[in-house]
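*Asks:* Dropping in final_34.pdb, with PDB, C-alpha atoms.
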```pdb
ATOM      1  CA  ILE A   1       0.000   0.000   0.000
ATOM      2  CA  ASN A   2       1.231   3.512  -0.816
ATOM      3  CA  HIS A   3       0.867   5.052   2.636
ATOM      4  CA  GLN A   4       1.267   8.623   1.401
ATOM      5  CA  ALA A   5      -1.505   8.134  -1.164
ATOM      6  CA  TRP A   6      -3.746   6.555   1.485
ATOM      7  CA  ARG A   7      -3.110   9.460   3.870
ATOM      8  CA  THR A   8      -3.915  11.980   1.093
ATOM      9  CA  PHE A   9      -7.126  10.112   0.187
ATOM     10  CA  MET A  10      -8.323   9.964   3.786
ATOM     11  CA  ASN A  11      -7.608  13.651   4.353
ATOM     12  CA  CYS A  12      -9.558  14.527   1.203
ATOM     13  CA  ALA A  13     -12.431  12.215   2.123
ATOM     14  CA  ALA A  14     -12.726  13.587   5.655
ATOM     15  CA  PRO A  15     -15.054  16.512   6.431
ATOM     16  CA  ASP A  16     -13.504  19.961   6.710
ATOM     17  CA  GLY A  17     -11.353  20.221   9.822
ATOM     18  CA  VAL A  18     -11.428  16.491  10.546
ATOM     19  CA  SER A  19      -8.340  14.392   9.831
ATOM     20  CA  GLY A  20      -8.622  11.054   8.067
ATOM     21  CA  GLU A  21      -6.582   9.463  10.842
ATOM     22  CA  ILE A  22      -9.333  10.304  13.341
ATOM     23  CA  ILE A  23     -11.958   8.652  11.117
ATOM     24  CA  VAL A  24      -9.875   5.500  10.726
ATOM     25  CA  THR A  25      -9.173   5.351  14.474
ATOM     26  CA  GLY A  26     -12.856   5.854  15.255
ATOM     27  CA  ALA A  27     -13.827   3.019  12.918
ATOM     28  CA  ILE A  28     -11.337   0.668  14.581
ATOM     29  CA  ILE A  29     -12.607   1.600  18.057
ATOM     30  CA  ASN A  30     -16.212   0.976  16.939
ATOM     31  CA  ARG A  31     -15.256  -2.472  15.658
ATOM     32  CA  ILE A  32     -13.456  -3.369  18.885
ATOM     33  CA  LYS A  33     -16.409  -2.245  21.027
ATOM     34  CA  ARG A  34     -18.852  -4.270  18.931
ATOM     35  CA  ASN A  35     -16.630  -7.340  18.960
ATOM     36  CA  HIS A  36     -16.310  -6.929  22.726
ATOM     37  CA  GLY A  37     -20.093  -6.782  23.042
ATOM     38  CA  LEU A  38     -20.514  -9.895  20.883
ATOM     39  CA  GLU A  39     -17.912 -11.691  23.007
ATOM     40  CA  HIS A  40     -19.909 -10.945  26.157
ATOM     41  CA  ALA A  41     -23.191 -11.916  24.529
ATOM     42  CA  THR A  42     -21.691 -15.252  23.469
ATOM     43  CA  ILE A  43     -20.636 -15.972  27.051
ATOM     44  CA  HIS A  44     -24.145 -15.064  28.274
ATOM     45  CA  VAL A  45     -25.715 -17.476  25.766
ATOM     46  CA  LEU A  46     -23.320 -20.262  26.756
ATOM     47  CA  SER A  47     -24.137 -19.623  30.434
ATOM     48  CA  GLU A  48     -27.828 -20.159  29.756
ATOM     49  CA  GLY A  49     -27.197 -23.724  28.564
ATOM     50  CA  HIS A  50     -24.123 -24.719  30.557
ATOM     51  CA  LYS A  51     -23.753 -24.298  34.292
ATOM     52  CA  ARG A  52     -20.432 -26.041  34.844
ATOM     53  CA  PHE A  53     -18.002 -24.078  32.740
ATOM     54  CA  SER A  54     -15.920 -20.909  32.762
ATOM     55  CA  ALA A  55     -14.991 -18.578  29.942
ATOM     56  CA  GLN A  56     -12.608 -15.733  29.276
ATOM     57  CA  GLY A  57     -12.016 -13.683  26.172
ATOM     58  CA  ASN A  58     -10.422 -10.629  24.648
ATOM     59  CA  SER A  59     -11.401  -8.598  21.622
ATOM     60  CA  ASP A  60      -9.667  -6.581  18.933
ATOM     61  CA  HIS A  61     -10.559  -5.076  15.550
ATOM     62  CA  ARG A  62     -10.425  -8.504  13.844
ATOM     63  CA  GLY A  63     -12.889 -10.265  16.165
ATOM     64  CA  PHE A  64     -12.345 -11.930  19.526
ATOM     65  CA  HIS A  65     -10.560 -14.818  21.189
ATOM     66  CA  LEU A  66     -12.733 -17.013  23.390
ATOM     67  CA  ASN A  67     -11.287 -19.450  25.912
ATOM     68  CA  ILE A  68     -13.681 -22.099  27.215
ATOM     69  CA  TYR A  69     -13.024 -24.236  30.288
ATOM     70  CA  GLY A  70     -15.404 -27.151  30.591
ATOM     71  CA  ASP A  71     -17.455 -29.603  28.569
ATOM     72  CA  VAL A  72     -18.556 -27.340  25.708
ATOM     73  CA  THR A  73     -18.212 -28.595  22.142
ATOM     74  CA  GLU A  74     -17.062 -26.645  19.109
ATOM     75  CA  GLU A  75     -20.552 -26.921  17.616
ATOM     76  CA  GLU A  76     -22.061 -25.438  20.774
ATOM     77  CA  VAL A  77     -19.627 -22.518  20.656
ATOM     78  CA  GLN A  78     -20.495 -21.861  17.001
ATOM     79  CA  ALA A  79     -24.201 -22.000  17.812
ATOM     80  CA  ALA A  80     -23.731 -19.627  20.771
ATOM     81  CA  VAL A  81     -21.903 -17.069  18.618
ATOM     82  CA  ALA A  82     -24.686 -17.194  16.010
ATOM     83  CA  GLU A  83     -27.391 -16.929  18.689
ATOM     84  CA  ALA A  84     -25.608 -14.033  20.406
ATOM     85  CA  HIS A  85     -25.312 -12.191  17.087
ATOM     86  CA  ARG A  86     -28.993 -12.783  16.295
ATOM     87  CA  ARG A  87     -30.189 -11.585  19.702
ATOM     88  CA  LEU A  88     -28.046  -8.453  19.672
ATOM     89  CA  LYS A  89     -29.356  -7.619  16.209
ATOM     90  CA  ALA A  90     -32.884  -8.200  17.539
ATOM     91  CA  GLY A  91     -32.353  -5.519  20.194
ATOM     92  CA  GLU A  92     -31.149  -7.429  23.286
ATOM     93  CA  ARG A  93     -28.290  -4.981  23.778
ATOM     94  CA  HIS A  94     -28.006  -5.743  27.496
ATOM     95  CA  LEU A  95     -26.237  -8.979  26.488
ATOM     96  CA  ALA A  96     -23.214  -6.892  25.454
ATOM     97  CA  VAL A  97     -22.522  -6.058  29.115
ATOM     98  CA  HIS A  98     -20.976  -8.602  31.481
ATOM     99  CA  PRO A  99     -20.462  -8.038  35.229
ATOM    100  CA  ASN A 100     -17.158  -9.933  35.234
ATOM    101  CA  CYS A 101     -15.600  -7.944  32.411
ATOM    102  CA  GLY A 102     -12.062  -6.670  32.894
ATOM    103  CA  THR A 103     -13.418  -3.115  32.708
ATOM    104  CA  VAL A 104     -15.365  -3.734  35.919
ATOM    105  CA  LEU A 105     -12.380  -5.357  37.639
ATOM    106  CA  VAL A 106      -9.998  -2.551  36.657
ATOM    107  CA  THR A 107     -12.457   0.153  37.739
ATOM    108  CA  THR A 108     -13.000  -1.534  41.098
ATOM    109  CA  ALA A 109      -9.275  -2.058  41.658
ATOM    110  CA  ALA A 110      -8.514   1.563  40.782
ATOM    111  CA  LEU A 111     -11.152   2.864  43.196
ATOM    112  CA  ALA A 112      -9.973   0.565  45.987
ATOM    113  CA  THR A 113      -6.352   1.638  45.492
ATOM    114  CA  LEU A 114      -7.324   5.315  45.438
ATOM    115  CA  ALA A 115      -9.445   4.930  48.581
ATOM    116  CA  ALA A 116      -6.602   3.281  50.501
ATOM    117  CA  GLN A 117      -4.136   5.936  49.323
ATOM    118  CA  VAL A 118      -6.452   8.747  50.449
ATOM    119  CA  VAL A 119      -6.809   7.246  53.927
ATOM    120  CA  LEU A 120      -3.036   6.860  54.260
ATOM    121  CA  LEU A 121      -2.518  10.422  53.041
ATOM    122  CA  VAL A 122      -4.973  11.764  55.594
ATOM    123  CA  GLU A 123      -3.304   9.743  58.348
ATOM    124  CA  ASN A 124       0.097  11.202  57.440
ATOM    125  CA  ARG A 125      -1.073  14.747  56.747
ATOM    126  CA  GLY A 126       0.865  16.078  59.751
ATOM    127  CA  GLY A 127       4.192  15.867  57.920
ATOM    128  CA  ARG A 128       6.583  13.073  58.814
ATOM    129  CA  ALA A 129       4.922   9.706  59.089
ATOM    130  CA  ARG A 130       4.449   8.488  62.638
ATOM    131  CA  PRO A 131       5.919   5.039  63.349
ATOM    132  CA  LEU A 132       2.494   3.492  63.803
ATOM    133  CA  SER A 133       0.706   5.553  61.139
ATOM    134  CA  LEU A 134       0.269   2.563  58.819
ATOM    135  CA  LEU A 135      -1.189   0.465  61.627
ATOM    136  CA  ASN A 136      -3.420   3.332  62.720
ATOM    137  CA  ALA A 137      -4.677   3.782  59.187
ATOM    138  CA  MET A 138      -5.544   0.113  58.624
ATOM    139  CA  PRO A 139      -9.141   0.186  59.977
ATOM    140  CA  GLY A 140     -10.025   3.272  57.958
ATOM    141  CA  ALA A 141      -8.289   1.930  54.872
ATOM    142  CA  MET A 142     -10.191  -1.351  55.115
ATOM    143  CA  VAL A 143     -13.529   0.446  55.382
ATOM    144  CA  ALA A 144     -12.602   2.683  52.453
ATOM    145  CA  VAL A 145     -11.564  -0.280  50.307
ATOM    146  CA  VAL A 146     -14.773  -2.179  51.082
ATOM    147  CA  GLY A 147     -16.794   0.907  50.179
ATOM    148  CA  ALA A 148     -14.832   1.282  46.956
ATOM    149  CA  ILE A 149     -15.493  -2.358  46.051
ATOM    150  CA  ILE A 150     -19.226  -1.894  46.645
ATOM    151  CA  VAL A 151     -19.327   1.252  44.518
ATOM    152  CA  GLY A 152     -16.789   0.031  41.950
ATOM    153  CA  ARG A 153     -18.848  -2.829  40.542
ATOM    154  CA  PRO A 154     -21.909  -0.844  39.407
ATOM    155  CA  LEU A 155     -19.678   2.046  38.365
ATOM    156  CA  GLY A 156     -17.511  -0.347  36.338
ATOM    157  CA  VAL A 157     -20.607  -1.681  34.592
ATOM    158  CA  ARG A 158     -21.583   1.873  33.638
ATOM    159  CA  VAL A 159     -18.074   2.586  32.381
ATOM    160  CA  GLN A 160     -18.235  -0.623  30.350
ATOM    161  CA  GLU A 161     -21.620   0.293  28.867
ATOM    162  CA  ARG A 162     -20.444   3.758  27.886
ATOM    163  CA  TYR A 163     -16.875   3.234  26.744
ATOM    164  CA  THR A 164     -15.787  -0.368  26.084
ATOM    165  CA  VAL A 165     -18.732  -2.266  24.534
ATOM    166  CA  ASP A 166     -21.461  -1.576  22.002
ATOM    167  CA  GLY A 167     -24.594  -3.700  21.768
ATOM    168  CA  ASP A 168     -25.553  -2.106  18.446
ATOM    169  CA  LEU A 169     -23.705  -4.343  15.977
ATOM    170  CA  ASP A 170     -24.622  -2.192  12.971
ATOM    171  CA  ASP A 171     -23.406  -4.226   9.954
ATOM    172  CA  LEU A 172     -20.997  -6.459  11.920
ATOM    173  CA  VAL A 173     -21.000  -9.980  10.483
ATOM    174  CA  VAL A 174     -19.463 -13.183  11.871
ATOM    175  CA  GLU A 175     -17.124 -14.540   9.220
ATOM    176  CA  SER A 176     -15.804 -17.658  10.972
ATOM    177  CA  VAL A 177     -15.465 -19.477  14.289
ATOM    178  CA  ARG A 178     -12.409 -21.699  14.409
ATOM    179  CA  PRO A 179     -10.505 -23.557  17.141
ATOM    180  CA  VAL A 180      -6.954 -22.386  17.862
ATOM    181  CA  SER A 181      -4.190 -23.726  20.062
ATOM    182  CA  PRO A 182      -4.524 -22.648  23.718
ATOM    183  CA  SER A 183      -1.964 -19.960  24.525
ATOM    184  CA  PRO A 184       0.006 -19.551  27.776
ATOM    185  CA  VAL A 185      -2.575 -16.929  28.764
ATOM    186  CA  THR A 186      -5.324 -19.496  28.220
ATOM    187  CA  ARG A 187      -3.491 -21.937  30.484
ATOM    188  CA  LEU A 188      -3.002 -19.241  33.142
ATOM    189  CA  PHE A 189      -6.696 -18.427  33.226
ATOM    190  CA  GLN A 190      -7.474 -22.145  33.353
ATOM    191  CA  LEU A 191      -5.578 -22.248  36.634
ATOM    192  CA  LEU A 192      -7.171 -19.045  37.947
ATOM    193  CA  LEU A 193     -10.763 -19.818  36.939
ATOM    194  CA  THR A 194     -10.922 -23.580  37.562
ATOM    195  CA  GLY A 195      -8.287 -24.085  40.241
ATOM    196  CA  GLY A 196      -6.481 -26.452  37.894
ATOM    197  CA  ASN A 197      -9.416 -28.874  37.783
ATOM    198  CA  PRO A 198      -8.363 -31.503  35.179
ATOM    199  CA  GLU A 199     -12.000 -32.066  34.221
ATOM    200  CA  MET A 200     -12.282 -28.451  33.047
ATOM    201  CA  GLN A 201     -10.284 -28.779  29.866
ATOM    202  CA  ALA A 202      -9.238 -25.614  28.048
ATOM    203  CA  ARG A 203     -10.393 -24.986  24.490
ATOM    204  CA  ALA A 204      -9.609 -21.823  22.576
ATOM    205  CA  TYR A 205     -11.414 -20.254  19.617
ATOM    206  CA  PHE A 206     -11.011 -17.238  17.416
ATOM    207  CA  VAL A 207     -14.149 -15.576  16.096
ATOM    208  CA  ARG A 208     -13.412 -13.431  13.040
ATOM    209  CA  THR A 209     -15.788 -10.644  12.107
ATOM    210  CA  THR A 210     -16.160  -8.084   9.343
ATOM    211  CA  GLY A 211     -18.012  -4.763   9.170
ATOM    212  CA  GLY A 212     -19.160  -2.784  12.203
ATOM    213  CA  ASN A 213     -17.067   0.266  11.381
ATOM    214  CA  GLY A 214     -19.839   2.836  11.482
TER
END
```
Once more with this new file: its structure as structure tokens, please.
*Replies:*
Amino acid sequence: INHQAWRTFMNCAAPDGVSGEIIVTGAIINRIKRNHGLEHATIHVLSEGHKRFSAQGNSDHRGFHLNIYGDVTEEEVQAAVAEAHRRLKAGERHLAVHPNCGTVLVTTAALATLAAQVVLLVENRGGRARPLSLLNAMPGAMVAVVGAIIVGRPLGVRVQERYTVDGDLDDLVVESVRPVSPSPVTRLFQLLLTGGNPEMQARAYFVRTTGGNG
């Protein structure tokens, strides 16, 4: 590709005052958010039919990786992706949001860390830290962290809804669902999510999509 020609074309195609790079970046972000929403919806659909399994995924502009831990067949994964896509297109946009998404975990962790730091700062506001200041601050820090965890989950869901997923798939189409070799990350999450249970075998898939740029 002639990158200079592409840059010139995008700048000409963009509205006055808007760079082509911004349009391209916006399209990529839209695709990632929609793929992320479809990933969550797929996990919701699988959860409706399977109670003894865990799942973890991550999305990008090409589609999403889906790691399944448990007795779920490839055909069932393919059917779940198709069902999730159909239901999102039918208006069930709530399926794009998942309470265990990394967005929720990161938001909660950030709030808890900030709350603990504020308590420690208040405890040491007199200047030099007293020898027992950390111990003195522990009860307040624990209360602050618990409060942050309580607030962080619903706040994280709102952040997810607004910034990291999109339940409106627009013209996003599922191109393929294919098994891939489990990565080291897949194996790590197998340990974290299943406790290393040998009956919860890891299977990895890549779901490729097209469209959804608008």
*Asks:* Quick one: which residues end up in the PyMOL selection byres ((chain A and resi 97-113) around 6) for this structure, as a list of chain:residue names?
*Replies:*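 Selected by the PyMOL selection byres ((chain A and resi 97-113) around 6) here: A:His40, A:His94, A:Leu95, A:Ala96, A:Leu114, A:Ala115, A:Ala116, A:Val145, A:Ala148, A:Ile149, A:Gly152, A:Arg153, A:Gly156, A:Val157, A:Gln160.
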*Asks:* Using only C-alpha atoms for the distances, tell me which of A:Val77, A:Ile150, A:Ile28, A:Ala84 is nearest to Val177 in chain A.
*Replies:*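 Distance minimum relative to Val177 in chain A lands on A:Val77.
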*Asks:* Could you check which of A:Leu193, A:Met142, A:Ala137, A:Val174 is closest to Thr209 in chain A, using only C-alpha atoms?
*Replies:*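 Going through A:Leu193, A:Met142, A:Ala137, A:Val174 one by one, the smallest distance to Thr209 in chain A is for A:Val174.
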*Asks:* Ranking A:Val72, A:Val159, A:Ile32, A:Leu88 by minimum distance to Asp60 in chain A and counting all atoms listed in the file, which one comes first?
*Replies:* A:Ile32
*Asks:* Got a sec: who's within 12 Å of range 45-48 of chain A, counting only C-alpha atoms, leaving out chain neighbours fewer than 2 positions off, as a PyMOL selection string?
*Replies:* chain A and resi 38-43+50-56+66+68-88+92+95-96+98
*Asks:* At what distance in Å, to one decimal, does CA of Val207 in chain A lie from CA of Asp168 in chain A?
*Replies:* 17.8 Å
*Asks:* From the options A:Leu172, A:Leu192, A:Ala202, A:Val185, which residue's atoms come nearest to Lys33 in chain A, counting only C-alpha atoms?
*Replies:*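 For Lys33 in chain A, the nearest of the candidates is A:Leu172.
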*Asks:* Hey, what comes out of the PyMOL selection byres ((chain A and resi 30) around 9) on this file? Could you write it as a ChimeraX atom specification?
*Replies:* /A:25-29,31-35,61,165-166,212-214
*Asks:* Just give me the gap between CA of Pro179 in chain A and CA of Ala204 in chain A in Å, one decimal is fine.
*Replies:*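 About the pair CA of Pro179 in chain A and CA of Ala204 in chain A: they are 5.8 Å apart.
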*Asks:* How far is it from CA of Arg187 in chain A to CA of Arg208 in chain A, in Å with one decimal?
*Replies:*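 Result for CA of Arg187 in chain A versus CA of Arg208 in chain A: 21.8 Å, one decimal.
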*Asks:* Restricting the calculation to all atoms listed in the file: of A:Asn136, A:Arg62, A:Asn67, A:His36, which residue gets closest to Pro184 in chain A?
*Replies:* A:Asn67
